[in-house]
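Novice: Sharing a structure with you now.
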Amino acid sequence: MTAVTVDRSAGSETRRGLMLAVLLLGQFMALLDTSIVNIAMPAIGAGFHASGAWLQLVVGGYVVAYAMTLITGARLGDLYGRRRMFRTGAILFTLASLACGLAPAVLPLVLFRFVQGVAAAIMVPQIMSLIQAHFAGPARAKALSAYGVTLSAGQVAGLIAGGLLVGANLLGSGWRPVFLVNVPVGICLAVLVPRVIPADRPAATRRLDVIGLALSTCAVLLMVLPAVVGHEIGWPLWTFGCMAAGVVLAVVFVRFERRTADPLLNLEVLRARGLPAGLLTMACTLLALGGFLFAFTLHLQTELGESAMRSGLTWLPFAVTFGLVGYFWRTVPSRFHHLVVPAGLVLCALGYAGIEVARWPALVLAGAGMGFAASPLVTQALVHVPLPRAADASGILTTAMQLAQVGGVTIFGTLYLSSHSFSTTSLAVALTAAAGIVAAGFLARTARPTAVRLRGASS
């Protein structure tokens, strides 16, 4: 990466501020769509007479497509230019959002959600690269801090925005504004990007791993889709056959990635100390979160009869504490930073388990827990990864994050829709978060400050 000369003039500061605002707006829009649809699920189901399995696909289809094409999106930025691919992704995302908002039936809606996910995967990887390329020193630190706040706030803000938009029922449009709200934002991005972000030269050093992408996508779809629809159609034999085929393809993918010269995911990076524990902790954390978001939102509206607006506002304690704790967790003394993730998962488990006993305190606990667990987790998982492997490790971690959320929607969504018992589902979610505490304990050992480790070794 070429060095960046920092121009401290007022005009330069303004230009960089506008650039950062545009980049973070794209990130916020993509994150918003991972959760805003949760609140609209009952309205979509009623409007299309759609089953719970279809609703799982509406939520999970976006995340599957996003997860499976995220690393390819980063490669496209290297091949064709990051500004160009950021703008291309924003335009495609806008068109897909318009198509979702106008969808005449649930099947087209699911397909357009897949397109949305692919568009997000083209757009989002360029954001961090552009920040790294155009910001340096204190300006970069501030930009990354703002980026972290966007990551913390974007997803939970979707729950509140979804409730407000569906509850408002603008011009009798019901759930459709949760998608159409992206259209004016996307148009602004398409217009502003060439004006505020400098053009960059493609710097491709790695080719696209098309075979790896095809193998991984097919493997995930073969495992996820039968798991989603299986409970509604009585688990016929072909559903288990598809899932078994998905596992076989996953093994083929791993073997292919180890042999190819330029893999989609360089799995050798998993030898880095702390990364496997970080991945397992991340998986448990986001499995629980994905399942909780899906099941609790359905429970509020279908079983408790709350309106979409009230359901969205119910998430406010979770959203506020998640955002605040996620931003201020660094005020914890640095000698305790390695304990922040397991402590956060303890709070999450308590919040999920107690949601039916004391709703608002439980949501505050769960939100604070996510703020403590999610914010430092990526940094701690990557701390021992060699710099040349940082991009591969980040790609694996980001992909795992998205797939874990899909897994949460699939596993706990199926449990809730089959049992019709939110108590059972919330307990299972809490146990999953508790399992993450064990993995986080191993991660904490690798993330301890050096001085603490040396004292422990000498005692």
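The chains in the structure tokens are called A, B, ... from first to last as shown; in each chain the residues are counted from 1, and the ligands are counted from 1 in the order shown.
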Once DSSP has gone over the backbone, tell me which residues of range 133-380 of chain A are in helix (DSSP H, G or I), as a VMD selection string.
Specialist: chain A and resid 133 to 134 137 to 168 170 to 172 177 to 180 182 to 196 210 to 229 237 to 259 267 to 271 275 to 303 308 to 314 316 to 331 334 to 353 359 to 380
Novice: If we count only C-alpha atoms, what is near Val251 in chain A at a cut-off of 12 Å, once residues fewer than 4 positions away on the same chain are taken out, given as a PyMOL selection string?
Specialist: chain A and resi 212+215-216+219-220+244-247+255-258
Novice: Give me a file of those residues, with N, CA and C atoms, as a short mmCIF file (atom, residue, chain, number, x, y, z; two decimals), in the first residue's frame.
Specialist:
data_model
loop_
_atom_site.label_atom_id
_atom_site.label_comp_id
_atom_site.auth_asym_id
_atom_site.auth_seq_id
_atom_site.Cartn_x
_atom_site.Cartn_y
_atom_site.Cartn_z
N GLY A 212 -13.51 -22.39 -6.13
CA GLY A 212 -13.71 -22.37 -4.68
C GLY A 212 -15.02 -21.70 -4.30
N LEU A 215 -17.90 -24.17 -5.13
CA LEU A 215 -17.96 -25.28 -4.18
C LEU A 215 -18.52 -24.84 -2.83
N SER A 216 -18.01 -23.71 -2.32
CA SER A 216 -18.45 -23.26 -1.01
C SER A 216 -19.92 -22.84 -1.02
N ALA A 219 -22.11 -25.94 -1.20
CA ALA A 219 -22.08 -26.67 0.08
C ALA A 219 -22.99 -26.01 1.11
N VAL A 220 -22.90 -24.69 1.22
CA VAL A 220 -23.72 -23.97 2.21
C VAL A 220 -25.20 -24.09 1.88
N ALA A 244 -26.20 -34.18 3.65
CA ALA A 244 -25.00 -35.03 3.56
C ALA A 244 -24.14 -34.62 2.37
N ALA A 245 -24.79 -34.33 1.24
CA ALA A 245 -24.05 -33.89 0.06
C ALA A 245 -23.34 -32.56 0.33
N GLY A 246 -23.99 -31.69 1.10
CA GLY A 246 -23.37 -30.42 1.47
C GLY A 246 -22.10 -30.61 2.30
N VAL A 247 -22.15 -31.57 3.23
CA VAL A 247 -20.98 -31.87 4.05
C VAL A 247 -19.84 -32.41 3.17
N ARG A 255 -10.24 -29.46 0.74
CA ARG A 255 -9.11 -30.12 0.06
C ARG A 255 -8.66 -29.31 -1.16
N PHE A 256 -9.63 -28.76 -1.89
CA PHE A 256 -9.29 -27.96 -3.07
C PHE A 256 -8.54 -26.69 -2.67
N GLU A 257 -8.99 -26.04 -1.59
CA GLU A 257 -8.37 -24.79 -1.15
C GLU A 257 -6.92 -25.02 -0.69
N ARG A 258 -6.66 -26.21 -0.16
CA ARG A 258 -5.29 -26.51 0.29
C ARG A 258 -4.35 -26.76 -0.87
#
Novice: Excluding same-chain residues fewer than 4 positions from range 61-72 of chain A, what lies within 7 Å of it counting only C-alpha atoms, as a ChimeraX atom specification?
Specialist: /A:34,57,76,110,113-114,116-118,120-122,125,208,217,395,399,402-403,406
Novice: Which residues are close to Leu275 in chain A, i.e. within 12 Å by only C-alpha atoms, leaving aside same-chain residues fewer than 5 positions away? Reply as a compact mmCIF listing (two decimals) with N, CA and C atoms, in the first residue's frame.
Specialist:
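So out.txt came out as:
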# COMPACT_ATOMS: atom_id res chain seq x y z
N LEU A 267 -6.50 -21.60 4.37
CA LEU A 267 -6.81 -22.22 5.65
C LEU A 267 -5.59 -22.43 6.53
N GLU A 268 -4.39 -22.23 5.99
CA GLU A 268 -3.18 -22.34 6.80
C GLU A 268 -3.15 -21.31 7.92
N VAL A 269 -3.87 -20.22 7.73
CA VAL A 269 -3.87 -19.16 8.73
C VAL A 269 -4.51 -19.63 10.04
N LEU A 270 -5.27 -20.72 9.99
CA LEU A 270 -5.90 -21.25 11.20
C LEU A 270 -4.88 -21.77 12.21
N LEU A 280 -14.39 -19.95 17.17
CA LEU A 280 -15.41 -20.71 17.92
C LEU A 280 -16.22 -19.77 18.81
N THR A 281 -15.55 -18.82 19.44
CA THR A 281 -16.26 -17.84 20.27
C THR A 281 -17.21 -17.01 19.42
N MET A 282 -16.72 -16.55 18.27
CA MET A 282 -17.56 -15.77 17.36
C MET A 282 -18.77 -16.58 16.89
N LEU A 377 -13.78 -8.72 20.19
CA LEU A 377 -13.54 -10.11 19.79
C LEU A 377 -12.68 -10.22 18.54
N VAL A 378 -12.96 -9.41 17.53
CA VAL A 378 -12.20 -9.49 16.28
C VAL A 378 -10.73 -9.16 16.53
N THR A 379 -10.48 -8.10 17.30
CA THR A 379 -9.10 -7.69 17.59
C THR A 379 -8.35 -8.79 18.32
N GLN A 380 -8.98 -9.40 19.32
CA GLN A 380 -8.31 -10.45 20.09
C GLN A 380 -8.07 -11.70 19.27
N ALA A 381 -8.99 -12.02 18.37
CA ALA A 381 -8.83 -13.21 17.53
C ALA A 381 -7.69 -13.05 16.54
N LEU A 382 -7.43 -11.81 16.11
CA LEU A 382 -6.43 -11.56 15.07
C LEU A 382 -5.07 -11.12 15.62
N VAL A 383 -4.93 -10.98 16.94
CA VAL A 383 -3.75 -10.34 17.49
C VAL A 383 -2.46 -11.10 17.19
N HIS A 384 -2.52 -12.42 17.05
CA HIS A 384 -1.30 -13.20 16.80
C HIS A 384 -1.16 -13.65 15.34
N VAL A 385 -2.02 -13.14 14.47
CA VAL A 385 -1.93 -13.50 13.06
C VAL A 385 -0.79 -12.72 12.41
N PRO A 386 0.12 -13.40 11.68
CA PRO A 386 1.20 -12.67 10.99
C PRO A 386 0.63 -11.68 9.99
N ARG A 389 -0.62 -12.60 6.58
CA ARG A 389 -1.83 -13.43 6.56
C ARG A 389 -3.06 -12.70 7.10
N ALA A 390 -2.93 -11.41 7.41
CA ALA A 390 -4.02 -10.68 8.06
C ALA A 390 -5.27 -10.64 7.19
N ASP A 392 -6.25 -12.82 4.91
CA ASP A 392 -6.89 -14.15 4.90
C ASP A 392 -7.63 -14.41 6.20
N ALA A 393 -6.99 -14.07 7.32
CA ALA A 393 -7.63 -14.28 8.62
C ALA A 393 -8.89 -13.44 8.76
N SER A 394 -8.82 -12.17 8.34
CA SER A 394 -9.98 -11.29 8.40
C SER A 394 -11.11 -11.83 7.53
N ILE A 396 -11.68 -15.01 6.68
CA ILE A 396 -12.26 -16.20 7.32
C ILE A 396 -13.16 -15.78 8.48
N LEU A 397 -12.70 -14.84 9.29
CA LEU A 397 -13.47 -14.40 10.45
C LEU A 397 -14.77 -13.73 10.03
N ALA A 400 -17.18 -16.32 8.69
CA ALA A 400 -17.72 -17.11 9.80
C ALA A 400 -18.79 -16.33 10.56
N ALA A 439 -15.09 -21.26 25.05
CA ALA A 439 -14.17 -20.88 23.97
C ALA A 439 -13.51 -19.54 24.26
N ALA A 440 -14.27 -18.60 24.82
CA ALA A 440 -13.72 -17.28 25.15
C ALA A 440 -12.65 -17.38 26.24
N PHE A 442 -10.42 -19.82 26.46
CA PHE A 442 -9.18 -20.15 25.75
C PHE A 442 -8.64 -18.92 25.01
N LEU A 443 -9.56 -18.13 24.43
CA LEU A 443 -9.14 -16.91 23.74
C LEU A 443 -8.50 -15.93 24.72
N ALA A 444 -9.06 -15.83 25.92
CA ALA A 444 -8.54 -14.90 26.93
C ALA A 444 -7.10 -15.25 27.30
N THR A 446 -4.78 -16.38 25.35
CA THR A 446 -3.87 -15.89 24.31
C THR A 446 -3.86 -14.37 24.24
N ALA A 447 -4.92 -13.72 24.75
CA ALA A 447 -5.03 -12.27 24.65
C ALA A 447 -4.55 -11.55 25.90
Novice: Using only C-alpha atoms, pick whichever of A:Leu192, A:Leu265, A:Val325, A:Leu289 has the shortest atom-to-atom distance to Ala433 in chain A.
Specialist: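 So, comparing all the options, the nearest one is A:Leu289.
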Novice: Quick one: residues within 7 Å of Ala96 in chain A, only C-alpha atoms counted, chain neighbours fewer than 4 positions away excluded, as a compact mmCIF listing (two decimals) with N, CA and C atoms, in the first residue's frame?
Specialist:
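After the write, out24.txt holds the following:
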# COMPACT_ATOMS: atom_id res chain seq x y z
N LEU A 92 -26.23 -1.67 -7.45
CA LEU A 92 -26.90 -2.97 -7.50
C LEU A 92 -27.75 -3.18 -6.25
N CYS A 100 -37.11 -5.73 -4.15
CA CYS A 100 -37.68 -6.34 -2.94
C CYS A 100 -38.94 -5.59 -2.51
N PHE A 112 -34.61 -11.79 -4.74
CA PHE A 112 -34.07 -10.42 -4.72
C PHE A 112 -33.23 -10.19 -3.46
N VAL A 115 -29.85 -11.32 -4.23
CA VAL A 115 -29.14 -10.31 -5.03
C VAL A 115 -28.66 -9.17 -4.13
N GLN A 116 -29.48 -8.77 -3.18
CA GLN A 116 -29.08 -7.75 -2.20
C GLN A 116 -27.81 -8.16 -1.47
Novice: Can you pull out every residue within 9 Å of Leu23 in chain A, counting only C-alpha atoms, but drop anything in the same chain fewer than 5 positions away, and send it as a list in words?
Specialist: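 Contacts, in chain order: Leu18, Phe28, Phe86, Val124, Gln126, Ile127, Met128, Leu130, Ile131, Leu189, Val193 and Ile197 of chain A.
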Novice: For the selection just defined, write its residues with N, CA and C atoms to a file, as a PDB file, in the first residue's frame.
Specialist:
ATOM      1  N   LEU A  18     -16.419  14.213   4.327  1.00  0.00           N
ATOM      2  CA  LEU A  18     -17.472  13.813   3.386  1.00  0.00           C
ATOM      3  C   LEU A  18     -17.235  12.397   2.872  1.00  0.00           C
ATOM      4  N   PHE A  28     -23.580   1.292   6.785  1.00  0.00           N
ATOM      5  CA  PHE A  28     -24.781   1.310   7.615  1.00  0.00           C
ATOM      6  C   PHE A  28     -25.967   0.718   6.856  1.00  0.00           C
ATOM      7  N   PHE A  86     -17.196  -0.144  -5.133  1.00  0.00           N
ATOM      8  CA  PHE A  86     -18.076   0.384  -4.086  1.00  0.00           C
ATOM      9  C   PHE A  86     -19.328   0.993  -4.717  1.00  0.00           C
ATOM     10  N   VAL A 124     -19.241  -3.658   0.532  1.00  0.00           N
ATOM     11  CA  VAL A 124     -18.698  -3.516   1.885  1.00  0.00           C
ATOM     12  C   VAL A 124     -17.184  -3.721   1.986  1.00  0.00           C
ATOM     13  N   GLN A 126     -14.849  -2.896   0.195  1.00  0.00           N
ATOM     14  CA  GLN A 126     -14.082  -1.744  -0.292  1.00  0.00           C
ATOM     15  C   GLN A 126     -13.957  -0.650   0.776  1.00  0.00           C
ATOM     16  N   ILE A 127     -14.849  -0.661   1.752  1.00  0.00           N
ATOM     17  CA  ILE A 127     -14.915   0.444   2.713  1.00  0.00           C
ATOM     18  C   ILE A 127     -13.647   0.513   3.563  1.00  0.00           C
ATOM     19  N   MET A 128     -13.290  -0.607   4.189  1.00  0.00           N
ATOM     20  CA  MET A 128     -12.090  -0.615   5.018  1.00  0.00           C
ATOM     21  C   MET A 128     -10.843  -0.324   4.190  1.00  0.00           C
ATOM     22  N   LEU A 130     -10.602   1.517   1.473  1.00  0.00           N
ATOM     23  CA  LEU A 130     -10.571   2.940   1.139  1.00  0.00           C
ATOM     24  C   LEU A 130     -10.202   3.793   2.353  1.00  0.00           C
ATOM     25  N   ILE A 131     -10.672   3.401   3.523  1.00  0.00           N
ATOM     26  CA  ILE A 131     -10.288   4.124   4.740  1.00  0.00           C
ATOM     27  C   ILE A 131      -8.778   3.998   4.964  1.00  0.00           C
ATOM     28  N   LEU A 189     -25.689   7.784  -2.679  1.00  0.00           N
ATOM     29  CA  LEU A 189     -24.371   7.182  -2.755  1.00  0.00           C
ATOM     30  C   LEU A 189     -23.843   7.174  -4.187  1.00  0.00           C
ATOM     31  N   VAL A 193     -20.387   9.294  -4.661  1.00  0.00           N
ATOM     32  CA  VAL A 193     -19.132   8.537  -4.682  1.00  0.00           C
ATOM     33  C   VAL A 193     -18.090   9.130  -5.632  1.00  0.00           C
ATOM     34  N   ILE A 197     -14.875  10.594  -3.439  1.00  0.00           N
ATOM     35  CA  ILE A 197     -13.858   9.546  -3.283  1.00  0.00           C
ATOM     36  C   ILE A 197     -12.938   9.569  -4.494  1.00  0.00           C
TER      37      ILE A 197
END
